[in-house]
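Student: Attaching a single structure in structure tokens format; questions to follow.
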Amino acid sequence: MSDFLPVPLLPRPEWIRARAPQGTEYERLRSLMRGLELNTVCEEARCPNLGECWSRGTATFMILGDVCTRACGFCAVKTGLPGQPPDAGEPARVADAAARMGLRHAVVTSVNRDDQPDGGAAMFAATIREIRARATGCAVEVLIPDFKGRWEALQVVLDARPDVLNHNVETVPRLYRQARSGANFERSLELLRRSKDEGLLTKSGVMVGLGEEKGELEETFRAIRSSGTDILTVGQYLRPSPQHLPVRRYYTPAEFSSLRDFASSLGYAHVESGPLVRSSYHAEQHVPR
């Protein structure tokens, strides 16, 4: 990432405004998460929508600990070798939180656990089953890693039948080496393809502002759609620290509208596109009821 540090710091435009975490509901949820010893990607990835989402009573659970075995250039989650195996009690605690929050749509994601033979797939499946058992009427969306292309591990998750199978492509293929350590563009497309072949509602997300060209972005949208993906999210990359990849440019709201129109023309069932859009932003609105 050192090659990117000399890029001049771009001032954030006026349309990048996130609501600060505050309020009674936010404090209630923070207390609930800490009491159940749960992690949220909202906090670990420093999501700009944390204040808005938590005040609405929604959150994205992050299972398998808070240390990721990969070091992606855009992500604020801690990296290294997890010192502990997956916590077998975590799925039940996530389900307990979903039930106590009264969620209609729970999103479950994770760090990468390349240290595990199945990449954590069994924990995803267990969490889906626990939520279904404890939080009646709650839809379950999973945002999964690529499991290093271990398709038998993916099948464990698919067999649990989540309501939405989400896997983010994140950026254009040319930028994978810098942005997605250990990932592979074609592998991600194959994961989405296999998930769709199982009859699941599939979803993926892309960040903009890392230096991609318009044509590359359009080809990436086409490739994701060609894999059968139903839902696409497009949001602005925001640098979490000086040690992460720099923002090469900020897209305007009008450009996000144009990207939404282009992606919609490719046949996606739903496209969420905007400066502060993240893969689980308004996730409950992406699923037909």
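Residue numbering restarts at 1 in every chain; chains get A, B, ... in the order shown in the structure tokens, and ligands count up from 1 in that same order.
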Within 8 Å of region 226-237 of chain A, counting only C-alpha atoms, which residues show up once you throw out same-chain ones fewer than 6 positions away? Write them as a ChimeraX atom specification, please.

Tutor: /A:74,189-190,192-193,196,201-210,247,250-251,256,260,263,268-279,286

Student: With the cut-off set at 10 Å and counting only C-alpha atoms, tabulate each residue of region 152-262 of chain A with an atom at most that distance from an atom of region 75-89 of chain A, showing the nearest atom pair and its distance in Å to one decimal, ordered by chain and increasing number, as CSV.

Tutor:
```
residue,atom,partner,partner_atom,distance
A:Ala179,CA,A:Cys75,CA,8.7
A:Arg180,CA,A:Cys75,CA,9.2
A:Tyr237,CA,A:Cys75,CA,9.9
A:Leu238,CA,A:Cys75,CA,9.6
A:Arg239,CA,A:Cys75,CA,8.4
A:Pro240,CA,A:Ala76,CA,6.0
A:Ser241,CA,A:Ala76,CA,7.7
A:Gln243,CA,A:Ala76,CA,9.5
A:His244,CA,A:Cys75,CA,7.5
A:Leu245,CA,A:Cys75,CA,9.0
```

Student: Set the distance at 8 Å and use only C-alpha atoms: which residues neighbour region 107-109 of chain A once local chain neighbours fewer than 5 positions away are removed? I'd like the list as a list in words.

Tutor: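 Everything that qualifies: Val41, Ala59, Thr60, Phe61, Met62, Ile63, Phe124, Val140, Glu141, Val142, Leu143, Ile144, Ser280 and Ala283 of chain A.
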
Student: Using only C-alpha atoms, determine which residues lie at most 10 Å from Arg93 (chain A), disregarding the query and same-chain residues fewer than 2 positions distant; provide the list as a compact mmCIF listing (two decimals) with N, CA and C atoms, in the first residue's frame.

Tutor:
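Output saved as selection.txt:
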```txt
# COMPACT_ATOMS: atom_id res chain seq x y z
N MET A 33 -25.13 -5.49 22.18
CA MET A 33 -24.03 -6.17 21.49
C MET A 33 -22.90 -6.50 22.47
N GLY A 35 -23.15 -6.81 25.73
CA GLY A 35 -23.60 -7.79 26.71
C GLY A 35 -23.59 -9.21 26.18
N LEU A 36 -23.84 -9.37 24.88
CA LEU A 36 -23.84 -10.70 24.26
C LEU A 36 -22.49 -11.04 23.64
N GLU A 37 -21.50 -10.17 23.84
CA GLU A 37 -20.15 -10.37 23.31
C GLU A 37 -20.17 -10.60 21.80
N LEU A 38 -20.87 -9.70 21.10
CA LEU A 38 -20.98 -9.79 19.65
C LEU A 38 -20.22 -8.65 18.99
N ALA A 88 -18.34 -21.59 19.28
CA ALA A 88 -19.52 -22.40 18.96
C ALA A 88 -20.81 -21.81 19.51
N GLY A 89 -20.71 -20.96 20.51
CA GLY A 89 -21.91 -20.35 21.08
C GLY A 89 -22.36 -19.08 20.38
N GLU A 90 -21.55 -18.60 19.44
CA GLU A 90 -21.85 -17.33 18.79
C GLU A 90 -23.14 -17.33 17.98
N PRO A 91 -23.44 -18.37 17.19
CA PRO A 91 -24.70 -18.35 16.43
C PRO A 91 -25.94 -18.14 17.29
N ALA A 95 -28.59 -14.95 17.18
CA ALA A 95 -30.04 -15.16 17.06
C ALA A 95 -30.79 -14.52 18.22
N ASP A 96 -30.21 -14.60 19.41
CA ASP A 96 -30.83 -13.97 20.58
C ASP A 96 -30.92 -12.46 20.38
N ALA A 97 -29.84 -11.87 19.86
CA ALA A 97 -29.85 -10.43 19.60
C ALA A 97 -30.89 -10.07 18.54
N ALA A 98 -30.97 -10.86 17.47
CA ALA A 98 -31.95 -10.58 16.41
C ALA A 98 -33.36 -10.64 16.96
N ALA A 99 -33.62 -11.62 17.83
CA ALA A 99 -34.95 -11.74 18.42
C ALA A 99 -35.25 -10.58 19.35
N THR A 127 -25.60 -20.13 12.18
CA THR A 127 -26.22 -18.84 12.51
C THR A 127 -27.55 -18.68 11.78
N GLU A 130 -30.06 -20.87 13.63
CA GLU A 130 -30.42 -20.33 14.94
C GLU A 130 -31.35 -19.13 14.83
N ILE A 131 -31.09 -18.25 13.87
CA ILE A 131 -31.96 -17.09 13.69
C ILE A 131 -33.36 -17.55 13.30
```

Student: For Glu213 (chain A), which residue out of A:Gln116, A:Asp159, A:Pro173, A:Val164 is the nearest one, using only C-alpha atoms?

Tutor: A:Pro173

Student: Using DSSP secondary structure from the backbone, list all strand (DSSP E or B) positions within region 52-229 of chain A, as a PyMOL selection string.

Tutor: chain A and resi 60-63+67-68+78-79+105-110+139-143+164-166+170+201-208

Student: Got a sec: who's within 12 Å of Arg150 (chain A), counting only C-alpha atoms, leaving out chain neighbours fewer than 2 positions off, as JSON, numbers by chain?

Tutor: {"A": [114, 116, 117, 118, 119, 120, 121, 145, 146, 147, 148, 152, 153, 154, 155, 156, 157, 187, 188, 190, 191, 194]}

Student: Report the residues of region 79-222 of chain A whose backbone DSSP state falls under helix (DSSP H, G or I), written as number ranges by chain.

Tutor: A: 90-101, 121-134, 147-149, 151-159, 173-179, 185-197, 214-222

Student: For Thr220 (chain A), list every protein, DNA or RNA residue within 9 Å, evaluated using only C-alpha atoms, and leave out those in the same chain fewer than 3 positions away; present the list as a short mmCIF file (atom, residue, chain, number, x, y, z; two decimals) with all heavy atoms, in the first residue's frame.

Tutor:
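Done, and the output landed in out_19.cif:
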```
data_model
loop_
_atom_site.label_atom_id
_atom_site.label_comp_id
_atom_site.auth_asym_id
_atom_site.auth_seq_id
_atom_site.Cartn_x
_atom_site.Cartn_y
_atom_site.Cartn_z
N VAL A 169 -17.96 -8.14 -4.85
CA VAL A 169 -16.84 -8.14 -5.78
C VAL A 169 -15.88 -6.98 -5.45
O VAL A 169 -14.69 -7.06 -5.70
CB VAL A 169 -17.37 -8.05 -7.23
CG1 VAL A 169 -16.26 -7.74 -8.22
CG2 VAL A 169 -18.04 -9.37 -7.61
N THR A 171 -14.40 -4.24 -6.38
CA THR A 171 -13.77 -3.30 -7.30
C THR A 171 -13.53 -3.98 -8.65
O THR A 171 -13.90 -5.15 -8.84
CB THR A 171 -12.45 -2.76 -6.71
OG1 THR A 171 -11.95 -1.71 -7.53
CG2 THR A 171 -11.40 -3.85 -6.59
N VAL A 172 -12.93 -3.26 -9.57
CA VAL A 172 -12.67 -3.80 -10.91
C VAL A 172 -11.47 -4.74 -10.86
O VAL A 172 -10.61 -4.62 -9.97
CB VAL A 172 -12.44 -2.66 -11.92
CG1 VAL A 172 -13.64 -1.72 -11.96
CG2 VAL A 172 -11.17 -1.87 -11.58
N PRO A 173 -11.38 -5.70 -11.77
CA PRO A 173 -10.31 -6.70 -11.72
C PRO A 173 -8.90 -6.10 -11.66
O PRO A 173 -8.04 -6.62 -10.95
CB PRO A 173 -10.52 -7.51 -13.00
CG PRO A 173 -11.97 -7.36 -13.31
CD PRO A 173 -12.34 -5.98 -12.86
N VAL A 206 -20.04 -3.05 -5.09
CA VAL A 206 -18.83 -2.46 -5.67
C VAL A 206 -18.60 -1.10 -5.03
O VAL A 206 -19.55 -0.33 -4.82
CB VAL A 206 -18.98 -2.31 -7.19
CG1 VAL A 206 -17.77 -1.59 -7.79
CG2 VAL A 206 -19.16 -3.67 -7.87
N GLY A 215 -15.23 2.67 -18.13
CA GLY A 215 -15.42 1.46 -18.91
C GLY A 215 -15.18 0.20 -18.09
O GLY A 215 -15.89 -0.80 -18.24
N GLU A 216 -14.17 0.23 -17.21
CA GLU A 216 -13.89 -0.91 -16.35
C GLU A 216 -15.06 -1.18 -15.40
O GLU A 216 -15.45 -2.33 -15.16
CB GLU A 216 -12.65 -0.65 -15.51
CG GLU A 216 -11.34 -0.62 -16.25
CD GLU A 216 -10.17 -0.33 -15.33
OE1 GLU A 216 -10.21 0.70 -14.62
OE2 GLU A 216 -9.22 -1.14 -15.31
N LEU A 217 -15.62 -0.10 -14.90
CA LEU A 217 -16.74 -0.22 -13.97
C LEU A 217 -17.95 -0.83 -14.67
O LEU A 217 -18.61 -1.74 -14.14
CB LEU A 217 -17.07 1.16 -13.41
CG LEU A 217 -17.84 1.25 -12.09
CD1 LEU A 217 -17.17 0.44 -11.00
CD2 LEU A 217 -17.98 2.70 -11.69
N ALA A 223 -20.29 -8.14 -15.84
CA ALA A 223 -19.82 -9.46 -15.42
C ALA A 223 -20.60 -9.97 -14.22
O ALA A 223 -20.95 -11.16 -14.13
CB ALA A 223 -18.33 -9.39 -15.11
N ILE A 224 -20.86 -9.08 -13.25
CA ILE A 224 -21.62 -9.49 -12.07
C ILE A 224 -23.04 -9.90 -12.47
O ILE A 224 -23.56 -10.92 -12.00
CB ILE A 224 -21.65 -8.35 -11.03
CG1 ILE A 224 -20.24 -8.02 -10.54
CG2 ILE A 224 -22.54 -8.72 -9.84
CD1 ILE A 224 -20.17 -6.76 -9.70
N ARG A 225 -23.64 -9.13 -13.35
CA ARG A 225 -24.99 -9.47 -13.79
C ARG A 225 -25.00 -10.78 -14.58
O ARG A 225 -25.93 -11.60 -14.45
CB ARG A 225 -25.55 -8.33 -14.66
CG ARG A 225 -26.95 -8.60 -15.20
CD ARG A 225 -27.99 -8.71 -14.11
NE ARG A 225 -29.24 -9.25 -14.62
CZ ARG A 225 -29.86 -10.30 -14.11
NH1 ARG A 225 -29.37 -10.93 -13.05
NH2 ARG A 225 -30.98 -10.73 -14.63
#
```

Student: Name all residues at most 12 Å from Gly137 (chain A) (count only C-alpha atoms; drop same-chain ones fewer than 3 positions away) and give them as a short mmCIF file (atom, residue, chain, number, x, y, z; two decimals) with N, CA, C and O atoms, in the first residue's frame.

Tutor:
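Okay, this is what ended up in around-v4.cif:
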```cif
data_model
loop_
_atom_site.label_atom_id
_atom_site.label_comp_id
_atom_site.auth_asym_id
_atom_site.auth_seq_id
_atom_site.Cartn_x
_atom_site.Cartn_y
_atom_site.Cartn_z
N ALA A 98 -30.97 -10.86 17.47
CA ALA A 98 -31.95 -10.58 16.41
C ALA A 98 -33.36 -10.64 16.96
O ALA A 98 -34.22 -9.81 16.61
N ALA A 99 -33.62 -11.62 17.83
CA ALA A 99 -34.95 -11.74 18.42
C ALA A 99 -35.25 -10.58 19.35
O ALA A 99 -36.35 -9.99 19.31
N GLY A 102 -36.08 -7.50 17.56
CA GLY A 102 -37.30 -7.57 16.78
C GLY A 102 -37.05 -7.39 15.28
O GLY A 102 -37.87 -6.81 14.57
N LEU A 103 -35.91 -7.89 14.80
CA LEU A 103 -35.54 -7.69 13.40
C LEU A 103 -36.46 -8.44 12.44
O LEU A 103 -36.88 -9.56 12.71
N ARG A 104 -36.74 -7.81 11.32
CA ARG A 104 -37.42 -8.49 10.21
C ARG A 104 -36.40 -8.95 9.17
O ARG A 104 -36.72 -9.76 8.32
N HIS A 105 -35.19 -8.42 9.26
CA HIS A 105 -34.15 -8.76 8.28
C HIS A 105 -32.80 -8.66 8.98
O HIS A 105 -32.36 -7.57 9.34
N ALA A 106 -32.15 -9.79 9.17
CA ALA A 106 -30.84 -9.81 9.82
C ALA A 106 -29.75 -10.04 8.77
O ALA A 106 -29.88 -10.93 7.92
N ILE A 131 -31.09 -18.25 13.87
CA ILE A 131 -31.96 -17.09 13.69
C ILE A 131 -33.36 -17.55 13.30
O ILE A 131 -34.37 -17.04 13.81
N ARG A 132 -33.44 -18.52 12.40
CA ARG A 132 -34.75 -19.02 11.99
C ARG A 132 -35.50 -19.62 13.17
O ARG A 132 -36.73 -19.50 13.27
N ALA A 133 -34.78 -20.25 14.07
CA ALA A 133 -35.42 -20.91 15.21
C ALA A 133 -35.86 -19.93 16.29
O ALA A 133 -36.88 -20.14 16.96
N ARG A 134 -35.10 -18.85 16.48
CA ARG A 134 -35.33 -17.96 17.60
C ARG A 134 -36.00 -16.63 17.24
O ARG A 134 -36.57 -15.97 18.11
N VAL A 140 -33.04 -13.75 6.62
CA VAL A 140 -31.60 -13.83 6.91
C VAL A 140 -30.81 -13.61 5.62
O VAL A 140 -30.96 -14.34 4.65
N ASP A 163 -32.04 -16.26 2.93
CA ASP A 163 -32.98 -15.54 2.06
C ASP A 163 -32.24 -14.73 1.01
O ASP A 163 -32.76 -14.52 -0.10
N ARG A 289 -41.24 -8.96 -0.27
CA ARG A 289 -41.98 -9.48 0.90
C ARG A 289 -43.30 -10.08 0.45
O ARG A 289 -43.91 -9.62 -0.48
#
```

Student: Measuring between only C-alpha atoms, which one of A:Glu212, A:Glu186, A:Glu219, A:Asp261 shows the shortest distance to Gly149 (chain A)?

Tutor: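 Under the stated criterion, the closest residue is A:Glu186.
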
Student: Which distance in Å separates CA of Ala92 (chain A) and CA of Leu64 (chain A), to one decimal?

Tutor: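 The value is 12.9 Å.
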
Student: To one decimal place in Å, what is the distance between CA of Glu27 (chain A) and CA of Ala135 (chain A)?

Tutor: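 Those two atoms sit 21.8 Å apart.
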
Student: Just how far from CA of Ala125 (chain A) is CA of Ala160 (chain A), in Å to one decimal?

Tutor: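 Separation of CA of Ala160 (chain A) and CA of Ala125 (chain A): 5.4 Å.
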
Student: Under the rule that only C-alpha atoms are counted, which of A:Leu175, A:Ile16, A:Cys68, A:Leu9 is the nearest residue to Pro253 (chain A)?

Tutor: A:Ile16
